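Here's model_14.txt, which has compact mmCIF, C-alpha atoms and all ligand atoms:
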# COMPACT_ATOMS: atom_id res chain seq x y z
CA MET A 22 -80.17 -19.24 -18.39
CA ALA A 23 -78.06 -16.38 -17.12
CA ARG A 24 -74.90 -15.26 -18.89
CA VAL A 25 -72.08 -15.21 -16.36
CA ILE A 26 -69.17 -12.80 -16.71
CA ALA A 27 -66.40 -12.85 -14.08
CA PHE A 28 -63.80 -10.17 -13.42
CA VAL A 29 -60.55 -11.93 -12.62
CA ASN A 30 -57.00 -10.78 -11.94
CA GLN A 31 -54.75 -12.15 -9.22
CA LYS A 32 -53.52 -8.68 -8.45
CA GLY A 33 -55.51 -6.54 -6.05
CA GLY A 34 -56.39 -2.94 -6.77
CA VAL A 35 -56.66 -3.32 -10.55
CA GLY A 36 -60.33 -2.37 -10.76
CA LYS A 37 -62.21 -5.67 -10.52
CA THR A 38 -64.79 -4.35 -8.08
CA THR A 39 -65.10 -0.92 -9.69
CA ASN A 40 -65.71 -2.37 -13.14
CA THR A 41 -68.03 -5.13 -11.93
CA VAL A 42 -70.41 -2.89 -10.01
CA ASN A 43 -70.47 -0.04 -12.51
CA LEU A 44 -71.04 -2.32 -15.48
CA ALA A 45 -73.76 -4.04 -13.46
CA ALA A 46 -75.33 -0.66 -12.73
CA ILE A 47 -75.46 0.28 -16.42
CA ALA A 48 -76.73 -3.15 -17.42
CA GLY A 49 -79.28 -3.23 -14.61
CA GLN A 50 -80.62 0.17 -15.50
CA ALA A 51 -80.76 -0.58 -19.23
CA LEU A 52 -82.56 -3.88 -18.76
CA GLY A 53 -84.95 -2.66 -16.09
CA THR A 54 -87.03 -5.06 -14.09
CA ARG A 55 -89.13 -8.05 -15.08
CA ASP A 56 -91.95 -8.89 -12.69
CA GLY A 57 -90.41 -6.37 -10.32
CA GLN A 58 -87.12 -8.25 -10.33
CA SER A 59 -83.75 -6.89 -11.44
CA GLN A 60 -82.22 -8.67 -14.45
CA VAL A 61 -78.67 -8.36 -13.20
CA LEU A 62 -76.99 -9.99 -10.23
CA VAL A 63 -73.58 -9.11 -8.82
CA VAL A 64 -71.88 -11.92 -6.92
CA SER A 65 -68.82 -11.19 -4.83
CA THR A 66 -66.53 -14.11 -4.03
CA ASP A 67 -64.06 -11.85 -2.26
CA PRO A 68 -63.89 -12.81 1.42
CA GLN A 69 -62.57 -9.33 2.16
CA ALA A 70 -65.89 -8.28 0.74
CA SER A 71 -65.07 -4.77 -0.30
CA ALA A 72 -68.09 -4.98 -2.55
CA VAL A 73 -70.28 -5.89 0.40
CA TRP A 74 -69.00 -3.00 2.38
CA TRP A 75 -69.68 -0.91 -0.64
CA SER A 76 -73.17 -2.26 -1.24
CA ASP A 77 -74.11 -1.79 2.41
CA ARG A 78 -73.56 1.89 1.94
CA VAL A 79 -75.71 2.15 -1.12
CA ASP A 80 -79.36 2.95 -0.75
CA GLU A 81 -80.71 -0.48 -1.67
CA ASP A 82 -83.71 0.92 -3.53
CA GLN A 83 -81.43 2.90 -5.78
CA LEU A 84 -79.34 -0.08 -6.73
CA PRO A 85 -80.19 -1.26 -10.26
CA PHE A 86 -78.93 -4.80 -9.57
CA ASP A 87 -79.19 -7.48 -6.93
CA PHE A 88 -76.19 -8.35 -4.83
CA HIS A 89 -75.05 -11.63 -3.30
CA GLN A 90 -71.94 -12.33 -1.24
CA CYS A 91 -70.66 -15.85 -1.77
CA ASP A 92 -67.13 -16.64 -0.64
CA ASP A 93 -67.55 -19.97 1.13
CA ARG A 94 -70.23 -21.90 -0.75
CA PRO A 95 -68.83 -23.30 -3.99
CA GLU A 96 -72.08 -25.22 -4.47
CA ASP A 97 -73.92 -21.88 -4.85
CA LEU A 98 -71.43 -20.74 -7.46
CA ALA A 99 -71.90 -23.94 -9.42
CA ARG A 100 -75.56 -22.95 -9.91
CA LEU A 101 -75.02 -19.43 -11.25
CA LYS A 102 -75.98 -20.26 -14.82
CA GLN A 103 -79.19 -21.88 -13.67
CA LEU A 104 -80.48 -18.65 -12.13
CA GLU A 105 -83.48 -18.22 -14.43
CA GLN A 106 -84.51 -14.85 -13.01
CA TYR A 107 -81.34 -13.07 -14.14
CA GLN A 108 -80.11 -12.29 -17.63
CA TYR A 109 -76.62 -11.44 -16.44
CA VAL A 110 -74.55 -12.45 -13.45
CA LEU A 111 -71.36 -10.44 -12.94
CA VAL A 112 -68.86 -12.00 -10.55
CA ASP A 113 -66.35 -9.94 -8.61
CA THR A 114 -63.42 -12.08 -7.49
CA PRO A 115 -60.68 -11.51 -4.90
CA GLY A 116 -57.13 -10.43 -5.74
CA ASN A 117 -55.46 -13.24 -3.90
CA ILE A 118 -57.22 -16.25 -5.25
CA GLU A 119 -56.33 -18.68 -2.50
CA ASP A 120 -59.49 -20.69 -2.24
CA GLU A 121 -59.08 -23.08 -5.14
CA LYS A 122 -62.59 -24.51 -4.70
CA ILE A 123 -64.24 -21.11 -4.93
CA LEU A 124 -62.16 -20.16 -7.95
CA SER A 125 -62.86 -23.44 -9.73
CA ALA A 126 -66.58 -23.25 -8.99
CA THR A 127 -66.66 -19.68 -10.28
CA LEU A 128 -64.76 -20.44 -13.45
CA ASP A 129 -66.76 -23.62 -14.12
CA SER A 130 -69.92 -21.48 -14.22
CA THR A 131 -68.41 -18.58 -16.15
CA ASP A 132 -69.14 -17.90 -19.81
CA GLU A 133 -66.51 -15.23 -20.18
CA VAL A 134 -63.82 -13.60 -18.07
CA VAL A 135 -62.80 -9.95 -18.18
CA VAL A 136 -59.23 -9.35 -16.99
CA PRO A 137 -58.86 -5.74 -15.86
CA VAL A 138 -55.33 -4.42 -16.34
CA PRO A 139 -54.26 -0.87 -15.50
CA PRO A 140 -51.77 0.73 -17.90
CA GLU A 141 -48.65 0.23 -15.82
CA ALA A 142 -45.77 -2.21 -16.22
CA MET A 143 -46.18 -3.49 -12.66
CA ALA A 144 -49.53 -4.93 -13.63
CA PHE A 145 -48.18 -6.97 -16.55
CA THR A 146 -46.75 -9.99 -14.72
CA PRO A 147 -49.83 -10.63 -12.55
CA ALA A 148 -52.01 -10.35 -15.67
CA LYS A 149 -49.78 -12.85 -17.48
CA ARG A 150 -49.91 -15.24 -14.54
CA THR A 151 -53.68 -14.97 -14.32
CA ILE A 152 -54.15 -15.63 -18.02
CA GLU A 153 -51.54 -18.35 -18.47
CA LYS A 154 -51.93 -20.21 -15.18
CA VAL A 155 -55.61 -19.77 -14.41
CA LEU A 156 -57.63 -19.01 -17.54
CA GLU A 157 -55.92 -20.61 -20.53
CA PRO A 158 -55.47 -24.06 -18.91
CA ARG A 159 -59.23 -24.11 -18.35
CA GLY A 160 -60.03 -22.96 -21.88
CA ILE A 161 -62.26 -20.13 -20.65
CA PRO A 162 -62.89 -17.30 -23.11
CA TYR A 163 -61.41 -14.10 -21.76
CA ARG A 164 -60.67 -10.54 -22.80
CA VAL A 165 -58.33 -7.98 -21.31
CA LEU A 166 -59.82 -4.66 -20.28
CA ILE A 167 -57.42 -1.76 -19.94
CA THR A 168 -58.75 0.24 -17.07
CA ASP A 169 -58.09 3.21 -14.83
CA TRP A 170 -56.17 5.03 -17.56
CA ASP A 171 -55.78 8.70 -16.80
CA PRO A 172 -55.81 10.68 -20.08
CA ARG A 173 -53.86 13.43 -18.32
CA ASP A 174 -50.87 11.06 -18.23
CA GLY A 175 -50.74 10.99 -22.03
CA THR A 176 -50.97 7.93 -24.24
CA VAL A 177 -47.50 6.38 -23.83
CA ASP A 178 -48.43 4.00 -20.99
CA LEU A 179 -51.73 3.18 -22.62
CA GLU A 180 -50.06 2.32 -25.92
CA GLN A 181 -47.37 0.27 -24.18
CA THR A 182 -50.03 -1.71 -22.38
CA GLN A 183 -52.01 -2.26 -25.58
CA GLU A 184 -48.84 -3.42 -27.32
CA TYR A 185 -47.98 -5.76 -24.44
CA VAL A 186 -51.44 -7.33 -24.55
CA ASP A 187 -51.41 -7.64 -28.34
CA SER A 188 -47.87 -9.06 -28.42
CA ASN A 189 -49.07 -11.85 -26.13
CA ASP A 190 -51.99 -12.51 -28.48
CA TRP A 191 -54.48 -11.92 -25.70
CA PRO A 192 -57.91 -10.79 -26.86
CA ARG A 193 -58.37 -7.17 -25.85
CA LEU A 194 -61.52 -5.11 -25.42
CA LEU A 195 -61.42 -1.87 -27.39
CA THR A 196 -63.07 0.00 -24.56
CA VAL A 197 -60.63 1.68 -22.20
CA VAL A 198 -62.06 2.61 -18.82
CA ARG A 199 -60.64 5.98 -17.90
CA HIS A 200 -59.58 7.15 -14.48
CA TYR A 201 -62.05 9.54 -12.91
CA LYS A 202 -61.91 10.81 -9.36
CA ILE A 203 -65.64 10.42 -9.27
CA HIS A 204 -65.24 6.61 -9.49
CA THR A 205 -62.76 6.57 -6.62
CA ARG A 206 -64.98 8.73 -4.46
CA ALA A 207 -68.12 6.83 -5.40
CA ALA A 208 -67.18 3.66 -3.57
CA ALA A 209 -66.47 5.63 -0.44
CA GLU A 210 -69.81 7.37 -0.76
CA GLY A 211 -71.69 4.21 -1.59
CA GLN A 212 -72.62 5.17 -5.13
CA VAL A 213 -72.64 3.43 -8.47
CA CYS A 214 -72.23 5.33 -11.72
CA THR A 215 -75.94 5.44 -12.48
CA GLN A 216 -76.33 7.54 -9.33
CA TYR A 217 -73.69 10.15 -10.07
CA PRO A 218 -74.93 13.72 -9.95
CA ARG A 219 -75.78 15.31 -13.29
CA GLY A 220 -72.90 16.92 -15.10
CA ARG A 221 -70.37 16.55 -17.86
CA ILE A 222 -67.76 14.67 -15.84
CA ALA A 223 -70.29 12.17 -14.52
CA LEU A 224 -71.57 11.63 -18.06
CA GLU A 225 -68.06 11.05 -19.41
CA ALA A 226 -67.16 8.74 -16.55
CA ARG A 227 -70.31 6.71 -17.09
CA GLU A 228 -69.81 6.56 -20.85
CA ASP A 229 -66.98 4.04 -20.52
CA PHE A 230 -69.29 1.53 -18.89
CA PHE A 231 -71.88 2.02 -21.63
CA ARG A 232 -69.19 1.27 -24.18
CA LEU A 233 -68.09 -1.76 -22.21
CA ALA A 234 -71.67 -3.00 -22.02
CA VAL A 235 -72.11 -2.62 -25.78
CA GLU A 236 -68.81 -4.34 -26.51
CA LEU A 237 -69.67 -7.24 -24.25
CA GLY A 238 -73.04 -7.51 -25.98
CA ILE A 239 -74.96 -6.74 -22.82
CA GLY A 240 -78.38 -5.24 -23.20
CA GLY A 241 -81.75 -5.77 -24.72
CA ARG A 242 -84.30 -8.16 -23.38
CA PRO A 243 -84.59 -11.55 -24.99
CA LEU A 244 -87.56 -11.66 -27.33
CA PRO A 245 -90.66 -13.26 -25.88
CA LYS A 246 -90.97 -16.88 -27.06
CA GLN A 247 -93.79 -16.14 -29.56
CA ALA A 248 -91.89 -13.26 -31.19
CA ARG A 249 -88.80 -15.42 -31.44
CA LYS A 250 -90.69 -18.03 -33.46
CA THR A 251 -92.11 -15.40 -35.79
CA SER A 252 -88.76 -13.82 -36.51
CA ALA A 253 -87.20 -17.22 -37.10
CA VAL A 254 -89.80 -17.93 -39.79
CA LYS A 255 -89.23 -14.55 -41.38
CA GLY A 256 -85.49 -15.07 -41.24
CA SER A 257 -85.66 -18.39 -43.03
CA ILE A 258 -87.38 -17.05 -46.17
N1 LIG B 301 -61.54 3.94 -13.47
C1 LIG B 301 -61.22 4.31 -12.22
N2 LIG B 301 -61.19 5.62 -11.89
C2 LIG B 301 -60.87 6.01 -10.65
N3 LIG B 301 -60.56 5.18 -9.64
C3 LIG B 301 -60.58 3.85 -9.91
C4 LIG B 301 -60.91 3.34 -11.19
N4 LIG B 301 -60.84 1.99 -11.15
C5 LIG B 301 -60.47 1.68 -9.88
N5 LIG B 301 -60.30 2.78 -9.13
C6 LIG B 301 -59.89 2.85 -7.73
O1 LIG B 301 -58.76 2.02 -7.54
C7 LIG B 301 -58.86 1.30 -6.34
C8 LIG B 301 -58.83 -0.19 -6.62
O2 LIG B 301 -59.96 -0.53 -7.38
P1 LIG B 301 -60.84 -1.83 -7.06
O3 LIG B 301 -61.97 -1.83 -8.04
O4 LIG B 301 -61.19 -1.90 -5.62
O5 LIG B 301 -59.79 -2.97 -7.42
P2 LIG B 301 -59.84 -4.54 -7.10
O6 LIG B 301 -61.27 -4.92 -6.90
O7 LIG B 301 -59.21 -5.19 -8.29
O8 LIG B 301 -59.03 -4.75 -5.86
C9 LIG B 301 -60.15 1.74 -5.66
O9 LIG B 301 -59.84 2.79 -4.76
C10 LIG B 301 -60.98 2.28 -6.82
O10 LIG B 301 -61.89 3.28 -6.40
MG MG B 302 -62.18 -5.88 -5.24
Kindly transcribe the structure held in the file into structure tokens.
Ligand SMILES: Nc1ncnc2c1ncn2[C@@H]1O[C@H](COP(=O)(O)OP(=O)(O)O)[C@@H](O)[C@H]1O
Ligand SMILES: [Mg+2]
Amino acid sequence: MARVIAFVNQKGGVGKTTNTVNLAAIAGQALGTRDGQSQVLVVSTDPQASAVWWSDRVDEDQLPFDFHQCDDRPEDLARLKQLEQYQYVLVDTPGNIEDEKILSATLDSTDEVVVPVPPEAMAFTPAKRTIEKVLEPRGIPYRVLITDWDPRDGTVDLEQTQEYVDSNDWPRLLTVVRHYKIHTRAAAEGQVCTQYPRGRIALEAREDFFRLAVELGIGGRPLPKQARKTSAVKGSI
């Protein structure tokens, strides 16, 4: 069974697509292929399909994950967890969640939601609405991800955002995804972070998605069935 993680925030431009595809790239590369098949699937439920536009520009062979656009077939979304061939399914959702059926189908199949929030006061109310009106009533586990923080701006906004999240008792990921021009340009150039040119900046920019992957517990292949039995026996001694 696949583990499904959805990126949800009712505000547009907060980094849902950027974080989904770059995390998927890191995860896809780390997990490699099994029987020639990628272990990671990105699903976009955004009818504006920025991710599709983006994926069309990427050299398909270079993409370390599979991609599926699904904005009008809730029945497909209901089956996400049953996709045996994938270990992880990352769902990119639209900013204006108008299609209730698509949203419900997505959230019904989702194990965990990541709520990307940039460190700016204008992003607080939409985040609150998303969490209190959409996620908490459904009892879906979620964590806030502070994202697109530019270290050159200093730490005041970052700290204010962390305090706001903590004062609401919302679970918060420790990883902060920093702002890098290379991420902004990448979408326009049809690249994901695993394809960035060599160099210090690219390495730093990519590092945040490695951290995020580790914090979300993404990575490592499941043990083959036989090995699992053996380790269970050992563990029970
Ligand atoms: N960490 C980041 N560094 C640089 N630019 C970013 C970062 N995160 C998002 N952006 C840029 O901000 C804009 C909005 O991000 P996007 O992922 O499309 O948001 P959403 O999917 O929530 O609408 C895009 O131009 C994207 O390239
Ligand atoms: Mg988007």
Q) Of the candidates A:Leu101, A:Val29, A:Leu84, A:Val213, which one gets nearest to A:Thr54 if we count all atoms listed in the file? A) A:Leu84
**Q.** All residues having an atom within 7 Å of ligand MG 302 (chain B) (all atoms listed in the file) as a list of chain:residue names
**A.**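 Result of the 7 Å neighbour search around ligand MG 302 (chain B): A:Gly33, A:Gly34, A:Gly36, A:Lys37, A:Thr38, A:Asp67, A:Ser71, A:Ala72, A:Asp113, A:Thr114, A:Pro115, A:Gly116.
Across A:Thr205, A:Gln108, A:Thr196, A:Asn189, the tightest approach to ligand LIG 301 (chain B) is made by A:Thr205 when counting only C-alpha atoms and all ligand atoms.
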Q.
Please identify all protein, DNA and RNA residues within 10 Å of ligand LIG 301 (chain B), counting all atoms listed in the file, and report them as an MDAnalysis selection string.
A. chainID A and resid 28:43 67 69:72 75 113:117 136:139 167:171 197:209 226:227 229:230
Q: Compile the contact shell of A:Val63 as a list in words: residues with an atom at most 10 Å away, counting all atoms listed in the file, same-chain residues fewer than 2 positions apart removed.
A: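 Here the qualifying residues turn out to be Val25, Ile26, Ala27, Thr41, Val42, Leu44, Ala45, Ala46, Val61, Ser65, Thr66, Ala72, Phe86, Asp87, Phe88, His89, Gln90, Tyr109, Val110, Leu111, Val112 and Asp113 of chain A.
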**Q.** Coordinates-based distance that separates atom CA of A:Ser59 from atom CA of A:Pro85 (Å, one decimal)
**A.**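 For atom CA of A:Pro85 relative to atom CA of A:Ser59, the distance reads 6.8 Å.
When atom CA of A:Lys122 is paired with atom CA of A:Pro95, their separation reads 6.4 Å.
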Q.
Which residues are close to A:Arg193, i.e. within 8 Å by only C-alpha atoms, leaving aside same-chain residues fewer than 3 positions away? Reply as a ChimeraX atom specification.
A. /A:164-166,186-187
Using only C-alpha atoms, please write the residues we just selected to a file, as a short mmCIF file (atom, residue, chain, number, x, y, z; two decimals), in the coordinates of the input.
data_model
loop_
_atom_site.label_atom_id
_atom_site.label_comp_id
_atom_site.auth_asym_id
_atom_site.auth_seq_id
_atom_site.Cartn_x
_atom_site.Cartn_y
_atom_site.Cartn_z
CA ARG A 164 -60.67 -10.54 -22.80
CA VAL A 165 -58.33 -7.98 -21.31
CA LEU A 166 -59.82 -4.66 -20.28
CA VAL A 186 -51.44 -7.33 -24.55
CA ASP A 187 -51.41 -7.64 -28.34
#
Q.
as a list in words, please: the residues near A:Glu153 (cut-off 12 Å, all atoms listed in the file, same-chain neighbours under 3 positions excluded).
A.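 Answer for this query is Asn30, Gln31, Val136, Thr146, Pro147, Ala148, Lys149, Arg150, Leu156, Glu157, Pro158, Arg159, Gly160, Ile161, Tyr163, Asn189, Asp190 and Trp191 of chain A.
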Output as JSON the centre and edge lengths (Å, one decimal) of the box along x, y and z of the file that holds every listed atom of stretch 86-96 of chain A after adding 3 Å on each side.
{"center_x": -73.2, "center_y": -15.0, "center_z": -4.2, "size_x": 18.1, "size_y": 26.4, "size_z": 16.7}
Q. So how far away is atom CA of A:Asp178 from atom CA of A:Lys154, in Å?
A.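 These two atoms are separated by 25.1 Å.
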Q | Nearest-residue call for A:Pro162, choices A:Gln183, A:Asp129, A:Gly240, A:Ala51, using all atoms listed in the file | A |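 That would be A:Asp129, the residue with the smallest distance to A:Pro162.
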**Q.** Non-local contacts of A:Leu98 (8 Å; all atoms listed in the file; under 2 positions in same chain excluded) as a PyMOL selection string
**A.** chain A and resi 91+94-96+100-101+123+126-127+130
Output as a PDB file, keeping the file's coordinate frame: stretch 114-132 of chain A, completed with N, CA, C and O atoms.
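Okay, out-v2.pdb is ready:
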ATOM      1  N   THR A 114     -64.252 -11.081  -8.175  1.00  0.00           N
ATOM      2  CA  THR A 114     -63.420 -12.080  -7.490  1.00  0.00           C
ATOM      3  C   THR A 114     -62.312 -11.394  -6.681  1.00  0.00           C
ATOM      4  O   THR A 114     -61.986 -10.234  -6.934  1.00  0.00           O
ATOM      5  N   PRO A 115     -61.728 -12.130  -5.716  1.00  0.00           N
ATOM      6  CA  PRO A 115     -60.680 -11.510  -4.900  1.00  0.00           C
ATOM      7  C   PRO A 115     -59.357 -11.405  -5.640  1.00  0.00           C
ATOM      8  O   PRO A 115     -59.148 -12.076  -6.654  1.00  0.00           O
ATOM      9  N   GLY A 116     -58.444 -10.573  -5.126  1.00  0.00           N
ATOM     10  CA  GLY A 116     -57.130 -10.430  -5.740  1.00  0.00           C
ATOM     11  C   GLY A 116     -56.291 -11.670  -5.478  1.00  0.00           C
ATOM     12  O   GLY A 116     -55.750 -12.276  -6.406  1.00  0.00           O
ATOM     13  N   ASN A 117     -56.234 -12.066  -4.240  1.00  0.00           N
ATOM     14  CA  ASN A 117     -55.460 -13.240  -3.900  1.00  0.00           C
ATOM     15  C   ASN A 117     -56.353 -14.465  -3.950  1.00  0.00           C
ATOM     16  O   ASN A 117     -57.088 -14.752  -3.023  1.00  0.00           O
ATOM     17  N   ILE A 118     -56.286 -15.146  -5.100  1.00  0.00           N
ATOM     18  CA  ILE A 118     -57.220 -16.250  -5.250  1.00  0.00           C
ATOM     19  C   ILE A 118     -56.637 -17.479  -4.561  1.00  0.00           C
ATOM     20  O   ILE A 118     -55.961 -18.287  -5.174  1.00  0.00           O
ATOM     21  N   GLU A 119     -56.912 -17.580  -3.272  1.00  0.00           N
ATOM     22  CA  GLU A 119     -56.330 -18.680  -2.500  1.00  0.00           C
ATOM     23  C   GLU A 119     -57.250 -19.876  -2.429  1.00  0.00           C
ATOM     24  O   GLU A 119     -56.810 -21.015  -2.404  1.00  0.00           O
ATOM     25  N   ASP A 120     -58.538 -19.589  -2.383  1.00  0.00           N
ATOM     26  CA  ASP A 120     -59.490 -20.690  -2.240  1.00  0.00           C
ATOM     27  C   ASP A 120     -59.736 -21.324  -3.610  1.00  0.00           C
ATOM     28  O   ASP A 120     -60.525 -20.844  -4.412  1.00  0.00           O
ATOM     29  N   GLU A 121     -59.040 -22.413  -3.840  1.00  0.00           N
ATOM     30  CA  GLU A 121     -59.080 -23.080  -5.140  1.00  0.00           C
ATOM     31  C   GLU A 121     -60.497 -23.549  -5.493  1.00  0.00           C
ATOM     32  O   GLU A 121     -60.914 -23.480  -6.643  1.00  0.00           O
ATOM     33  N   LYS A 122     -61.222 -23.998  -4.455  1.00  0.00           N
ATOM     34  CA  LYS A 122     -62.590 -24.510  -4.700  1.00  0.00           C
ATOM     35  C   LYS A 122     -63.513 -23.403  -5.181  1.00  0.00           C
ATOM     36  O   LYS A 122     -64.306 -23.596  -6.098  1.00  0.00           O
ATOM     37  N   ILE A 123     -63.388 -22.245  -4.552  1.00  0.00           N
ATOM     38  CA  ILE A 123     -64.240 -21.110  -4.930  1.00  0.00           C
ATOM     39  C   ILE A 123     -63.891 -20.657  -6.345  1.00  0.00           C
ATOM     40  O   ILE A 123     -64.757 -20.417  -7.179  1.00  0.00           O
ATOM     41  N   LEU A 124     -62.604 -20.580  -6.619  1.00  0.00           N
ATOM     42  CA  LEU A 124     -62.160 -20.160  -7.950  1.00  0.00           C
ATOM     43  C   LEU A 124     -62.654 -21.148  -9.007  1.00  0.00           C
ATOM     44  O   LEU A 124     -63.211 -20.750 -10.033  1.00  0.00           O
ATOM     45  N   SER A 125     -62.449 -22.440  -8.751  1.00  0.00           N
ATOM     46  CA  SER A 125     -62.860 -23.440  -9.730  1.00  0.00           C
ATOM     47  C   SER A 125     -64.359 -23.396  -9.950  1.00  0.00           C
ATOM     48  O   SER A 125     -64.829 -23.457 -11.094  1.00  0.00           O
ATOM     49  N   ALA A 126     -65.110 -23.282  -8.857  1.00  0.00           N
ATOM     50  CA  ALA A 126     -66.580 -23.250  -8.990  1.00  0.00           C
ATOM     51  C   ALA A 126     -67.001 -22.018  -9.787  1.00  0.00           C
ATOM     52  O   ALA A 126     -67.897 -22.088 -10.628  1.00  0.00           O
ATOM     53  N   THR A 127     -66.327 -20.903  -9.531  1.00  0.00           N
ATOM     54  CA  THR A 127     -66.660 -19.680 -10.280  1.00  0.00           C
ATOM     55  C   THR A 127     -66.374 -19.880 -11.754  1.00  0.00           C
ATOM     56  O   THR A 127     -67.223 -19.622 -12.621  1.00  0.00           O
ATOM     57  N   LEU A 128     -65.163 -20.344 -12.043  1.00  0.00           N
ATOM     58  CA  LEU A 128     -64.760 -20.440 -13.450  1.00  0.00           C
ATOM     59  C   LEU A 128     -65.550 -21.521 -14.190  1.00  0.00           C
ATOM     60  O   LEU A 128     -65.810 -21.388 -15.385  1.00  0.00           O
ATOM     61  N   ASP A 129     -65.939 -22.582 -13.478  1.00  0.00           N
ATOM     62  CA  ASP A 129     -66.760 -23.620 -14.120  1.00  0.00           C
ATOM     63  C   ASP A 129     -68.107 -23.076 -14.563  1.00  0.00           C
ATOM     64  O   ASP A 129     -68.710 -23.590 -15.497  1.00  0.00           O
ATOM     65  N   SER A 130     -68.592 -22.047 -13.878  1.00  0.00           N
ATOM     66  CA  SER A 130     -69.920 -21.480 -14.220  1.00  0.00           C
ATOM     67  C   SER A 130     -69.807 -20.253 -15.089  1.00  0.00           C
ATOM     68  O   SER A 130     -70.810 -19.603 -15.366  1.00  0.00           O
ATOM     69  N   THR A 131     -68.601 -19.869 -15.467  1.00  0.00           N
ATOM     70  CA  THR A 131     -68.410 -18.580 -16.150  1.00  0.00           C
ATOM     71  C   THR A 131     -68.394 -18.740 -17.661  1.00  0.00           C
ATOM     72  O   THR A 131     -67.732 -19.623 -18.189  1.00  0.00           O
ATOM     73  N   ASP A 132     -69.149 -17.879 -18.345  1.00  0.00           N
ATOM     74  CA  ASP A 132     -69.140 -17.900 -19.810  1.00  0.00           C
ATOM     75  C   ASP A 132     -67.952 -17.149 -20.359  1.00  0.00           C
ATOM     76  O   ASP A 132     -67.396 -17.503 -21.386  1.00  0.00           O
TER      77      ASP A 132
END
